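Visitor: input_29.cif is the file, holding mmCIF, C-alpha atoms and all ligand atoms:
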data_protein
loop_
_atom_site.label_atom_id
_atom_site.label_comp_id
_atom_site.auth_asym_id
_atom_site.auth_seq_id
_atom_site.Cartn_x
_atom_site.Cartn_y
_atom_site.Cartn_z
CA MET A 664 -17.40 -9.71 23.95
CA LYS A 665 -20.93 -10.55 24.87
CA PRO A 666 -22.16 -8.93 28.11
CA GLN A 667 -22.33 -11.11 31.22
CA ASN A 668 -25.56 -9.37 32.14
CA PRO A 669 -27.50 -8.61 28.96
CA GLN A 670 -29.59 -5.45 28.90
CA HIS A 671 -32.41 -7.19 27.07
CA ALA A 672 -34.53 -10.09 28.33
CA ALA A 673 -34.51 -13.22 26.18
CA PRO A 674 -37.69 -13.68 24.15
CA ALA A 675 -40.03 -16.60 24.91
CA ASP A 676 -38.74 -18.54 21.91
CA ALA A 677 -35.04 -17.93 22.65
CA ASP A 678 -34.24 -21.64 22.97
CA VAL A 679 -35.97 -22.40 19.67
CA ARG A 680 -33.97 -19.68 17.92
CA ARG A 681 -30.71 -20.91 19.42
CA ALA A 682 -31.45 -24.48 18.40
CA VAL A 683 -31.44 -23.70 14.67
CA GLU A 684 -28.82 -25.91 13.00
CA PRO A 685 -25.86 -24.11 11.42
CA VAL A 686 -25.01 -24.42 7.75
CA ILE A 687 -21.54 -24.11 6.27
CA CYS A 688 -21.14 -20.65 4.72
CA TYR A 689 -18.86 -21.66 1.90
CA PRO A 690 -19.08 -25.35 1.03
CA VAL A 691 -15.99 -26.06 -1.07
CA ASP A 692 -17.34 -29.25 -2.64
CA SER A 693 -17.58 -27.45 -5.99
CA LEU A 694 -13.87 -26.57 -5.96
CA ALA A 695 -11.60 -29.02 -7.72
CA PRO A 696 -9.37 -30.42 -4.96
CA PRO A 697 -5.61 -30.27 -5.45
CA ASP A 698 -4.15 -33.42 -6.99
CA LEU A 699 -2.11 -34.33 -3.92
CA ALA A 700 -0.87 -37.56 -5.47
CA ALA A 701 0.60 -35.64 -8.42
CA LEU A 702 2.05 -32.99 -6.11
CA ARG A 703 3.68 -35.62 -3.89
CA ALA A 704 5.01 -37.51 -6.91
CA ALA A 705 6.68 -34.29 -8.12
CA ARG A 706 8.75 -34.23 -4.90
CA GLU A 707 10.65 -37.34 -6.03
CA GLY A 708 14.16 -36.26 -6.94
CA TRP A 709 13.57 -32.58 -6.26
CA GLN A 710 16.65 -30.45 -5.85
CA PRO A 711 17.25 -27.85 -3.15
CA LEU A 712 17.31 -24.46 -4.84
CA ALA A 713 17.77 -22.06 -1.92
CA GLN A 714 17.55 -21.89 1.81
CA VAL A 715 17.11 -19.05 4.25
CA LEU A 716 17.61 -19.22 8.00
CA VAL A 717 15.28 -16.75 9.67
CA PRO A 718 16.94 -15.55 12.89
CA ALA A 719 14.94 -15.34 16.10
CA ARG A 720 12.88 -12.09 16.34
CA GLN A 721 13.67 -11.27 12.71
CA ALA A 722 12.07 -11.89 9.32
CA ARG A 723 13.53 -12.79 5.94
CA CYS A 724 12.12 -12.85 2.41
CA PHE A 725 12.44 -15.67 -0.10
CA GLU A 726 11.43 -16.18 -3.74
CA VAL A 727 9.64 -19.31 -4.96
CA PRO A 728 9.09 -19.80 -8.71
CA ALA A 729 5.71 -21.20 -9.81
CA GLY A 730 5.77 -24.98 -9.80
CA HIS A 731 8.37 -25.17 -7.02
CA PHE A 732 7.96 -26.15 -3.38
CA PHE A 733 8.97 -24.47 -0.15
CA ARG A 734 9.16 -25.89 3.33
CA ILE A 735 9.26 -24.17 6.72
CA THR A 736 11.04 -26.24 9.37
CA SER A 737 11.43 -25.83 13.11
CA VAL A 738 15.08 -25.90 14.14
CA GLU A 739 16.73 -25.70 17.57
CA GLY A 740 13.50 -25.28 19.56
CA PRO A 741 9.75 -24.65 19.47
CA GLN A 742 9.05 -21.52 17.47
CA VAL A 743 6.09 -19.92 15.75
CA GLY A 744 6.37 -18.21 12.36
CA ASP A 745 4.25 -15.51 10.74
CA LEU A 746 4.02 -15.98 6.98
CA ASN A 747 3.19 -13.38 4.32
CA LEU A 748 2.86 -14.30 0.63
CA TRP A 749 2.75 -12.01 -2.37
CA SER A 750 2.82 -12.58 -6.10
CA ALA A 751 6.42 -11.91 -7.17
CA ASP A 752 5.36 -8.56 -8.68
CA LEU A 753 3.64 -7.62 -5.36
CA SER A 754 0.31 -7.04 -7.13
CA GLU A 755 -1.41 -9.87 -5.20
CA ARG A 756 -1.25 -10.77 -1.56
CA PHE A 757 -2.55 -13.50 0.73
CA TYR A 758 -6.15 -13.02 1.95
CA SER A 759 -6.33 -14.75 5.32
CA GLY A 760 -10.00 -13.84 5.92
CA LYS A 761 -11.29 -15.51 2.76
CA THR A 762 -8.93 -18.43 3.23
CA ARG A 763 -10.47 -18.88 6.70
CA ALA A 764 -13.99 -18.67 5.25
CA LEU A 765 -13.17 -21.35 2.69
CA HIS A 766 -10.96 -23.76 4.64
CA GLY A 767 -11.70 -23.10 8.32
CA THR A 768 -9.75 -21.56 11.17
CA HIS A 769 -6.62 -23.73 10.91
CA LEU A 770 -4.97 -25.00 7.72
CA SER A 771 -3.36 -28.30 6.82
CA THR A 772 -2.52 -30.49 3.85
CA GLY A 773 -4.63 -29.83 0.77
CA ASP A 774 -5.72 -26.33 1.82
CA ARG A 775 -4.94 -23.35 -0.37
CA MET A 776 -3.66 -19.90 0.53
CA TRP A 777 -5.87 -17.58 -1.54
CA SER A 778 -5.06 -14.17 -2.95
CA GLY A 779 -7.32 -11.15 -2.40
CA PHE A 780 -9.75 -9.53 -4.83
CA PRO A 781 -9.92 -9.31 -7.77
CA THR A 782 -7.73 -12.31 -8.52
CA LEU A 783 -8.92 -14.64 -5.71
CA ARG A 784 -6.79 -17.58 -6.79
CA PRO A 785 -4.53 -20.02 -4.97
CA LEU A 786 -1.09 -18.57 -4.30
CA ALA A 787 0.11 -21.79 -2.68
CA THR A 788 -1.20 -25.22 -1.74
CA ILE A 789 -0.14 -26.99 1.47
CA THR A 790 1.41 -30.32 0.49
CA ASP A 791 2.64 -31.67 3.83
CA ASP A 792 2.10 -30.91 7.52
CA SER A 793 4.01 -32.92 10.11
CA LEU A 794 1.63 -31.61 12.80
CA ASP A 795 -1.52 -32.89 11.07
CA TRP A 796 -1.88 -35.45 13.89
CA TYR A 797 -2.72 -32.65 16.36
CA GLY A 798 -6.27 -32.03 15.16
CA PHE A 799 -8.22 -29.95 17.69
CA ASP A 800 -7.39 -30.25 21.40
CA ALA A 801 -9.77 -30.17 24.36
CA PHE A 802 -9.61 -26.37 24.45
CA GLY A 803 -10.62 -26.08 20.80
CA GLY A 804 -7.05 -25.16 19.90
CA SER A 805 -5.15 -26.20 16.80
CA VAL A 806 -2.10 -25.22 14.76
CA HIS A 807 -1.46 -23.10 11.64
CA ASP A 808 -4.27 -20.58 12.13
CA VAL A 809 -5.71 -17.94 9.87
CA ILE A 810 -7.65 -16.32 12.74
CA GLY A 811 -4.93 -14.17 14.28
CA THR A 812 -3.46 -11.19 12.52
CA ARG A 813 0.24 -10.73 13.34
CA CYS A 814 1.73 -9.28 16.50
CA ASP A 815 2.28 -5.58 15.90
CA PRO A 816 3.69 -2.54 17.69
CA TYR A 817 0.49 -0.52 17.43
CA THR A 818 -1.65 -2.96 19.44
CA HIS A 819 1.26 -3.38 21.85
CA ASN A 820 1.39 0.40 22.24
CA LEU A 821 -2.35 0.50 22.96
CA LEU A 822 -2.27 -2.26 25.55
CA SER A 823 1.01 -1.42 27.28
CA ASP A 824 0.47 2.27 28.05
CA GLY A 825 2.66 3.59 25.28
CA GLY A 826 5.24 0.81 24.98
CA GLN A 827 7.62 0.89 22.00
CA TYR A 828 8.70 -2.55 20.80
CA HIS A 829 10.33 -2.98 17.40
CA HIS A 830 10.51 -6.73 16.80
CA CYS A 831 6.85 -7.63 16.49
CA CYS A 832 6.16 -9.73 13.40
CA HIS A 833 4.55 -6.73 11.67
CA SER A 834 7.76 -4.72 12.01
CA ASN A 835 9.97 -7.70 11.18
CA LEU A 836 8.00 -8.35 7.98
CA THR A 837 8.07 -4.65 7.07
CA ARG A 838 11.87 -4.44 7.45
CA ALA A 839 12.40 -7.70 5.53
CA LEU A 840 10.20 -6.63 2.61
CA ALA A 841 11.81 -3.20 2.46
CA GLU A 842 15.27 -4.78 2.42
CA ALA A 843 14.38 -7.44 -0.18
CA ARG A 844 12.76 -5.06 -2.65
CA GLY A 845 14.62 -1.80 -2.01
CA LEU A 846 11.52 -0.09 -0.62
CA SER A 847 11.28 2.48 2.13
CA LEU A 848 9.64 1.33 5.35
CA ALA A 849 6.69 3.57 4.50
CA GLU A 850 6.33 1.85 1.11
CA ALA A 851 6.72 -1.65 2.50
CA GLU A 852 4.45 -1.39 5.55
CA PRO A 853 1.09 -1.20 3.71
CA LEU A 854 2.00 -4.35 1.76
CA VAL A 855 2.34 -6.40 4.96
CA HIS A 856 -0.87 -8.30 5.62
CA ASP A 857 -2.55 -10.76 7.96
CA VAL A 858 -0.59 -13.96 8.15
CA LEU A 859 -0.72 -17.70 8.24
CA ASN A 860 0.43 -18.38 11.79
CA VAL A 861 2.74 -21.30 11.08
CA PHE A 862 3.05 -23.76 14.02
CA MET A 863 1.11 -21.40 16.34
CA CYS A 864 -1.49 -23.13 18.53
CA THR A 865 -4.60 -20.98 18.90
CA GLY A 866 -8.35 -20.96 19.22
CA PHE A 867 -11.27 -19.09 20.70
CA THR A 868 -12.30 -19.57 24.31
CA ARG A 869 -15.62 -21.38 24.53
CA ASP A 870 -17.12 -19.04 27.15
CA THR A 871 -16.08 -15.60 25.89
CA GLY A 872 -15.00 -16.23 22.31
CA GLN A 873 -11.61 -14.59 22.94
CA TYR A 874 -8.61 -15.40 20.82
CA PHE A 875 -6.19 -17.55 22.80
CA MET A 876 -2.76 -19.01 22.27
CA LYS A 877 -0.94 -21.83 24.02
CA ALA A 878 2.53 -23.34 23.79
CA SER A 879 2.96 -24.77 20.31
CA PRO A 880 3.36 -28.55 19.99
CA VAL A 881 6.02 -27.96 17.30
CA ARG A 882 9.40 -29.59 17.85
CA PRO A 883 12.65 -29.36 15.87
CA GLY A 884 12.22 -31.27 12.63
CA ASP A 885 8.52 -30.46 12.26
CA HIS A 886 7.66 -28.78 9.00
CA LEU A 887 4.91 -27.26 6.89
CA GLU A 888 5.37 -27.60 3.14
CA PHE A 889 3.82 -25.63 0.27
CA PHE A 890 3.58 -25.79 -3.51
CA ALA A 891 3.85 -22.41 -5.27
CA GLU A 892 0.97 -22.05 -7.72
CA ILE A 893 2.35 -18.78 -9.16
CA ASP A 894 5.69 -16.94 -8.83
CA LEU A 895 5.83 -15.95 -5.17
CA LEU A 896 7.64 -13.67 -2.78
CA GLY A 897 7.36 -14.93 0.78
CA ALA A 898 8.34 -13.39 4.09
CA LEU A 899 8.59 -15.29 7.34
CA SER A 900 8.99 -13.78 10.80
CA ALA A 901 10.27 -15.84 13.74
CA CYS A 902 7.76 -14.38 16.22
CA PRO A 903 9.12 -12.74 19.40
CA GLY A 904 6.57 -14.90 21.24
CA GLY A 905 8.76 -17.98 20.60
CA ASP A 906 6.39 -20.94 21.10
CA CYS A 907 3.71 -18.37 22.05
CA GLY A 908 3.06 -20.13 25.36
CA THR A 909 3.33 -16.99 27.50
CA VAL A 910 3.89 -13.54 26.04
CA HIS A 911 4.76 -11.83 22.79
CA SER A 912 5.72 -8.27 21.84
CA SER A 913 8.75 -8.39 24.12
CA ASP A 914 12.19 -9.95 24.33
CA SER A 915 11.26 -12.17 27.28
CA ALA A 916 10.15 -15.39 25.51
CA ALA A 917 12.71 -18.03 24.43
CA CYS A 918 13.01 -17.68 20.64
CA HIS A 919 14.58 -19.83 17.94
CA PRO A 920 15.32 -19.55 14.23
CA LEU A 921 13.17 -21.06 11.49
CA LEU A 922 14.47 -22.63 8.28
CA VAL A 923 12.94 -21.97 4.86
CA GLU A 924 13.99 -24.27 2.01
CA VAL A 925 12.99 -23.96 -1.65
CA PHE A 926 12.94 -27.09 -3.81
CA GLN A 927 12.91 -27.45 -7.59
CA PRO A 928 11.11 -30.55 -8.91
CA LEU A 929 12.57 -32.49 -11.82
CA SER A 930 9.39 -31.65 -13.73
CA PRO A 931 6.13 -29.89 -12.83
CA PRO A 932 3.40 -32.02 -11.24
CA ALA A 933 1.46 -33.99 -13.84
CA GLY A 934 -1.56 -32.04 -15.04
CA TRP A 935 -0.70 -28.88 -13.08
CA GLN A 936 -1.45 -25.49 -14.60
CA PRO A 937 -0.90 -22.15 -12.87
CA PRO A 938 -4.34 -20.91 -11.70
CA ARG A 939 -5.89 -18.11 -13.71
CA PRO A 940 -7.20 -14.97 -12.00
CA ASN A 941 -10.82 -15.15 -10.89
CA ASN A 942 -13.35 -15.06 -13.71
CA TYR A 943 -15.81 -12.52 -12.29
CA ASP A 944 -16.34 -9.84 -14.94
CA ARG A 945 -15.93 -6.95 -12.44
CA SER A 946 -18.87 -4.93 -13.80
CA HIS A 947 -20.45 -4.92 -10.28
CA GLY A 948 -23.91 -4.33 -11.71
CA ALA A 949 -23.06 -0.84 -12.99
CA GLY A 950 -25.41 0.40 -15.70
CA GLY A 951 -28.31 -1.71 -14.44
ZN ZN B 1 4.48 -12.44 16.09
#
Take the structure in the file and give it back as structure tokens.
Ligand SMILES: [Zn+2]

Guide:
Amino acid sequence: MKPQNPQHAAPADADVRRAVEPVICYPVDSLAPPDLAALRAAREGWQPLAQVLVPARQARCFEVPAGHFFRITSVEGPQVGDLNLWSADLSERFYSGKTRALHGTHLSTGDRMWSGFPTLRPLATITDDSLDWYGFDAFGGSVHDVIGTRCDPYTHNLLSDGGQYHHCCHSNLTRALAEARGLSLAEAEPLVHDVLNVFMCTGFTRDTGQYFMKASPVRPGDHLEFFAEIDLLGALSACPGGDCGTVHSSDSAACHPLLVEVFQPLSPPAGWQPPRPNNYDRSHGAGG
């Protein structure tokens, strides 16, 4: 955080320097937008392929073949979900930082969930968001962020004088991945990564820039829907923070399950091709 009483006096031209207009770091105008009309048309007549009910304070994995859809739905009560995505062979994983740089702090319809280097390609495209009406509230908060990480037992341990809590999203995702793929916890844990915070309402405080959360506006029936651009393994944790209106990393918040449904379209969206890995040649300037 910035100091309340800076050690260094502002220079004479401080106001001029502060008044410089910002520019967008990564304009995405050069990226071909997803063909949302074709994606929506492909939903006509789709068939449910699988569904997974994620119990409160637990996580579950699910497989989504390329060209299929999956939908996360709030059931029973307001609940936040922490989503991890991998390529089905686990060689690629979601890169929340670059997704944030490209699409902003909070995702909605038409945004992509990008993989890390060196592939840097869309793993999934968001095709519907029943909370898209929320926008940004008066606190600067919004839903579906890629600014948080995932609640985890290590940070909890740091901030709670040695507390041991085992149902943080990080641990839930680790157990679920280990179970789904027959891995040890030690093998699974490094594959767990920063999440898309589904339904979570977050932002940064205007005065101190601190990460905040507030009770999610999600209600039963709300959903976030995705199109799988490649074969995916997903994992979703029903966060122990519940609607994340008070506390997390404990069993004190009211928590609810989340439903994941996978849908198979009658035929792939018109014109859709699985995205190729990034085209950078990976020579990194070696050899001059
Ligand atoms: Zn969590």

Visitor: Using only C-alpha atoms and all ligand atoms, determine which residues fall within 6 Å of ligand ZN 1 (chain B), then list them as a list in words.

Guide: Arg813, Cys814, Cys831, Cys832, Cys902 and Pro903 of chain A

Visitor: Tell me which of A:Asp914, A:Asp692, A:Asp857, A:Asp745 sits closest to A:Val717, counting all atoms listed in the file.

Guide: A:Asp745

Visitor: Under the rule that only C-alpha atoms are counted, which of A:Pro674, A:Gly803, A:Pro937, A:Arg681 is the nearest residue to A:Gly872?

Guide: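 For A:Gly872, the nearest of the given residues is A:Gly803.
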
Visitor: Go ahead and compute the interatomic distance for atom CA of A:Ala672 and atom CA of A:Asp870, in Å to one decimal.

Guide: 19.6 Å

Visitor: A:Phe780, A:Leu786, A:Gly730, A:Leu794: which is nearest A:Ala701, counting all atoms listed in the file?

Guide: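 The shortest atom-to-atom distance to A:Ala701 comes from A:Gly730.
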
Visitor: What is the distance between atom CA of A:Gly708 and atom CA of A:Gly934, in Å to one decimal?

Guide: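 Between atom CA of A:Gly708 and atom CA of A:Gly934 the gap works out to 18.2 Å.
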
Visitor: Pick the closest to A:Tyr689 from A:Pro816, A:Pro931, A:Gly826, A:Gly767: which is it, counting all atoms listed in the file?

Guide: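 Of the candidates, the smallest distance to A:Tyr689 is held by A:Gly767.
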
Visitor: Have a look at atom CA of A:Val809 and atom CA of A:Leu699 and let me know their distance in Å, one decimal.

Guide: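 According to the coordinates, atom CA of A:Val809 and atom CA of A:Leu699 are separated by 21.7 Å.
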
Visitor: Could you check the closest approach to A:Leu821 for each of A:Ser912, A:Asn860, A:Gln721, A:Glu852 and tell me which residue wins, using all atoms listed in the file?

Guide: A:Ser912

Visitor: Within 9 Å of A:Arg703, counting all atoms listed in the file, which residues qualify if same-chain residues fewer than 4 places away don't, as a list in words?

Guide: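 Once the nearby chain positions are removed, what remains is Asp698, Leu699, Glu707, Thr790, Asp791 and Pro932 of chain A.
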
Visitor: So which residues touch A:Phe926 within 9 Å, counting only C-alpha atoms, skipping near sequence neighbours fewer than 4 positions away, as number ranges by chain?

Guide: A: 706, 709-714, 727, 731-734

Visitor: Tell me which residues come within 10 Å of (-9.7, -21.0, 7.0), as an NGL selection string, counting only C-alpha atoms in the file's coordinates.

Guide: :A and (759-771 or 774-777 or 807-810 or 859)

Visitor: Hey, which of A:Ala673, A:Ala704, A:Leu716, A:Ala729 ends up closest to A:Asp894? Count all atoms listed in the file.

Guide: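 When distances to A:Asp894 are compared using all atoms listed in the file, the smallest one comes from A:Ala729.
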
Visitor: Residues within 9 Å of A:Val715, please, as an mmCIF file with C-alpha atoms, keeping the file's coordinate frame. Count only C-alpha atoms; anything in the same chain fewer than 5 positions from it doesn't count.

Guide:
data_model
loop_
_atom_site.group_PDB
_atom_site.id
_atom_site.type_symbol
_atom_site.label_atom_id
_atom_site.label_comp_id
_atom_site.auth_asym_id
_atom_site.auth_seq_id
_atom_site.Cartn_x
_atom_site.Cartn_y
_atom_site.Cartn_z
ATOM 1 C CA ARG A 723 13.530 -12.790 5.940
ATOM 2 C CA CYS A 724 12.120 -12.850 2.410
ATOM 3 C CA PHE A 725 12.440 -15.670 -0.100
ATOM 4 C CA LEU A 921 13.170 -21.060 11.490
ATOM 5 C CA LEU A 922 14.470 -22.630 8.280
ATOM 6 C CA VAL A 923 12.940 -21.970 4.860
ATOM 7 C CA GLU A 924 13.990 -24.270 2.010
ATOM 8 C CA VAL A 925 12.990 -23.960 -1.650
#

Visitor: I'd like the contact shell of A:Ser805 - 6 Å cut-off, only C-alpha atoms, skipping same-chain residues fewer than 2 positions apart - returned as number ranges by chain.

Guide: A: 799, 864-865

Visitor: Write stretch 872-900 of chain A as a PDB file, in the frame of the given file, completed to N, CA and C atoms.

Guide:
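The file below, rebuild29.pdb, is the result:
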ATOM      1  N   GLY A 872     -15.346 -16.402  23.706  1.00  0.00           N
ATOM      2  CA  GLY A 872     -15.000 -16.230  22.310  1.00  0.00           C
ATOM      3  C   GLY A 872     -13.729 -15.440  22.080  1.00  0.00           C
ATOM      4  N   GLN A 873     -12.858 -15.354  23.099  1.00  0.00           N
ATOM      5  CA  GLN A 873     -11.610 -14.590  22.940  1.00  0.00           C
ATOM      6  C   GLN A 873     -10.534 -15.437  22.277  1.00  0.00           C
ATOM      7  N   TYR A 874      -9.739 -14.758  21.496  1.00  0.00           N
ATOM      8  CA  TYR A 874      -8.610 -15.400  20.820  1.00  0.00           C
ATOM      9  C   TYR A 874      -7.583 -15.827  21.863  1.00  0.00           C
ATOM     10  N   PHE A 875      -7.215 -17.110  21.843  1.00  0.00           N
ATOM     11  CA  PHE A 875      -6.190 -17.550  22.800  1.00  0.00           C
ATOM     12  C   PHE A 875      -5.036 -18.201  22.072  1.00  0.00           C
ATOM     13  N   MET A 876      -3.911 -18.263  22.769  1.00  0.00           N
ATOM     14  CA  MET A 876      -2.760 -19.010  22.270  1.00  0.00           C
ATOM     15  C   MET A 876      -2.271 -19.906  23.387  1.00  0.00           C
ATOM     16  N   LYS A 877      -1.554 -20.944  23.024  1.00  0.00           N
ATOM     17  CA  LYS A 877      -0.940 -21.830  24.020  1.00  0.00           C
ATOM     18  C   LYS A 877       0.349 -22.357  23.412  1.00  0.00           C
ATOM     19  N   ALA A 878       1.213 -22.906  24.266  1.00  0.00           N
ATOM     20  CA  ALA A 878       2.530 -23.340  23.790  1.00  0.00           C
ATOM     21  C   ALA A 878       2.374 -24.278  22.602  1.00  0.00           C
ATOM     22  N   SER A 879       3.078 -23.975  21.528  1.00  0.00           N
ATOM     23  CA  SER A 879       2.960 -24.770  20.310  1.00  0.00           C
ATOM     24  C   SER A 879       3.505 -26.179  20.527  1.00  0.00           C
ATOM     25  N   PRO A 880       2.835 -27.180  19.925  1.00  0.00           N
ATOM     26  CA  PRO A 880       3.360 -28.550  19.990  1.00  0.00           C
ATOM     27  C   PRO A 880       4.528 -28.786  19.032  1.00  0.00           C
ATOM     28  N   VAL A 881       4.950 -27.764  18.289  1.00  0.00           N
ATOM     29  CA  VAL A 881       6.020 -27.960  17.300  1.00  0.00           C
ATOM     30  C   VAL A 881       7.339 -28.315  17.996  1.00  0.00           C
ATOM     31  N   ARG A 882       8.071 -29.201  17.360  1.00  0.00           N
ATOM     32  CA  ARG A 882       9.400 -29.590  17.850  1.00  0.00           C
ATOM     33  C   ARG A 882      10.377 -29.547  16.685  1.00  0.00           C
ATOM     34  N   PRO A 883      11.674 -29.399  16.969  1.00  0.00           N
ATOM     35  CA  PRO A 883      12.650 -29.360  15.870  1.00  0.00           C
ATOM     36  C   PRO A 883      12.468 -30.556  14.931  1.00  0.00           C
ATOM     37  N   GLY A 884      12.455 -30.257  13.646  1.00  0.00           N
ATOM     38  CA  GLY A 884      12.220 -31.270  12.630  1.00  0.00           C
ATOM     39  C   GLY A 884      10.813 -31.196  12.047  1.00  0.00           C
ATOM     40  N   ASP A 885       9.870 -30.632  12.811  1.00  0.00           N
ATOM     41  CA  ASP A 885       8.520 -30.460  12.260  1.00  0.00           C
ATOM     42  C   ASP A 885       8.559 -29.459  11.114  1.00  0.00           C
ATOM     43  N   HIS A 886       7.651 -29.672  10.151  1.00  0.00           N
ATOM     44  CA  HIS A 886       7.660 -28.780   9.000  1.00  0.00           C
ATOM     45  C   HIS A 886       6.252 -28.591   8.432  1.00  0.00           C
ATOM     46  N   LEU A 887       6.104 -27.520   7.692  1.00  0.00           N
ATOM     47  CA  LEU A 887       4.910 -27.260   6.890  1.00  0.00           C
ATOM     48  C   LEU A 887       5.416 -26.966   5.485  1.00  0.00           C
ATOM     49  N   GLU A 888       4.837 -27.666   4.503  1.00  0.00           N
ATOM     50  CA  GLU A 888       5.370 -27.600   3.140  1.00  0.00           C
ATOM     51  C   GLU A 888       4.291 -27.088   2.174  1.00  0.00           C
ATOM     52  N   PHE A 889       4.729 -26.312   1.196  1.00  0.00           N
ATOM     53  CA  PHE A 889       3.820 -25.630   0.270  1.00  0.00           C
ATOM     54  C   PHE A 889       4.287 -25.849  -1.165  1.00  0.00           C
ATOM     55  N   PHE A 890       3.311 -25.800  -2.076  1.00  0.00           N
ATOM     56  CA  PHE A 890       3.580 -25.790  -3.510  1.00  0.00           C
ATOM     57  C   PHE A 890       3.203 -24.410  -4.042  1.00  0.00           C
ATOM     58  N   ALA A 891       4.105 -23.765  -4.746  1.00  0.00           N
ATOM     59  CA  ALA A 891       3.850 -22.410  -5.270  1.00  0.00           C
ATOM     60  C   ALA A 891       3.047 -22.523  -6.555  1.00  0.00           C
ATOM     61  N   GLU A 892       1.839 -21.971  -6.548  1.00  0.00           N
ATOM     62  CA  GLU A 892       0.970 -22.050  -7.720  1.00  0.00           C
ATOM     63  C   GLU A 892       1.309 -20.968  -8.748  1.00  0.00           C
ATOM     64  N   ILE A 893       1.867 -19.848  -8.278  1.00  0.00           N
ATOM     65  CA  ILE A 893       2.350 -18.780  -9.160  1.00  0.00           C
ATOM     66  C   ILE A 893       3.713 -18.337  -8.613  1.00  0.00           C
ATOM     67  N   ASP A 894       4.419 -17.468  -9.334  1.00  0.00           N
ATOM     68  CA  ASP A 894       5.690 -16.940  -8.830  1.00  0.00           C
ATOM     69  C   ASP A 894       5.417 -16.163  -7.547  1.00  0.00           C
ATOM     70  N   LEU A 895       6.128 -16.511  -6.485  1.00  0.00           N
ATOM     71  CA  LEU A 895       5.830 -15.950  -5.170  1.00  0.00           C
ATOM     72  C   LEU A 895       7.028 -15.225  -4.564  1.00  0.00           C
ATOM     73  N   LEU A 896       6.706 -14.207  -3.770  1.00  0.00           N
ATOM     74  CA  LEU A 896       7.640 -13.670  -2.780  1.00  0.00           C
ATOM     75  C   LEU A 896       7.033 -13.998  -1.426  1.00  0.00           C
ATOM     76  N   GLY A 897       7.816 -14.630  -0.575  1.00  0.00           N
ATOM     77  CA  GLY A 897       7.360 -14.930   0.780  1.00  0.00           C
ATOM     78  C   GLY A 897       8.171 -14.152   1.788  1.00  0.00           C
ATOM     79  N   ALA A 898       7.593 -13.951   2.957  1.00  0.00           N
ATOM     80  CA  ALA A 898       8.340 -13.390   4.090  1.00  0.00           C
ATOM     81  C   ALA A 898       7.903 -14.138   5.333  1.00  0.00           C
ATOM     82  N   LEU A 899       8.883 -14.550   6.117  1.00  0.00           N
ATOM     83  CA  LEU A 899       8.590 -15.290   7.340  1.00  0.00           C
ATOM     84  C   LEU A 899       9.257 -14.596   8.514  1.00  0.00           C
ATOM     85  N   SER A 900       8.465 -14.371   9.566  1.00  0.00           N
ATOM     86  CA  SER A 900       8.990 -13.780  10.800  1.00  0.00           C
ATOM     87  C   SER A 900       9.027 -14.852  11.887  1.00  0.00           C
TER      88      SER A 900
END
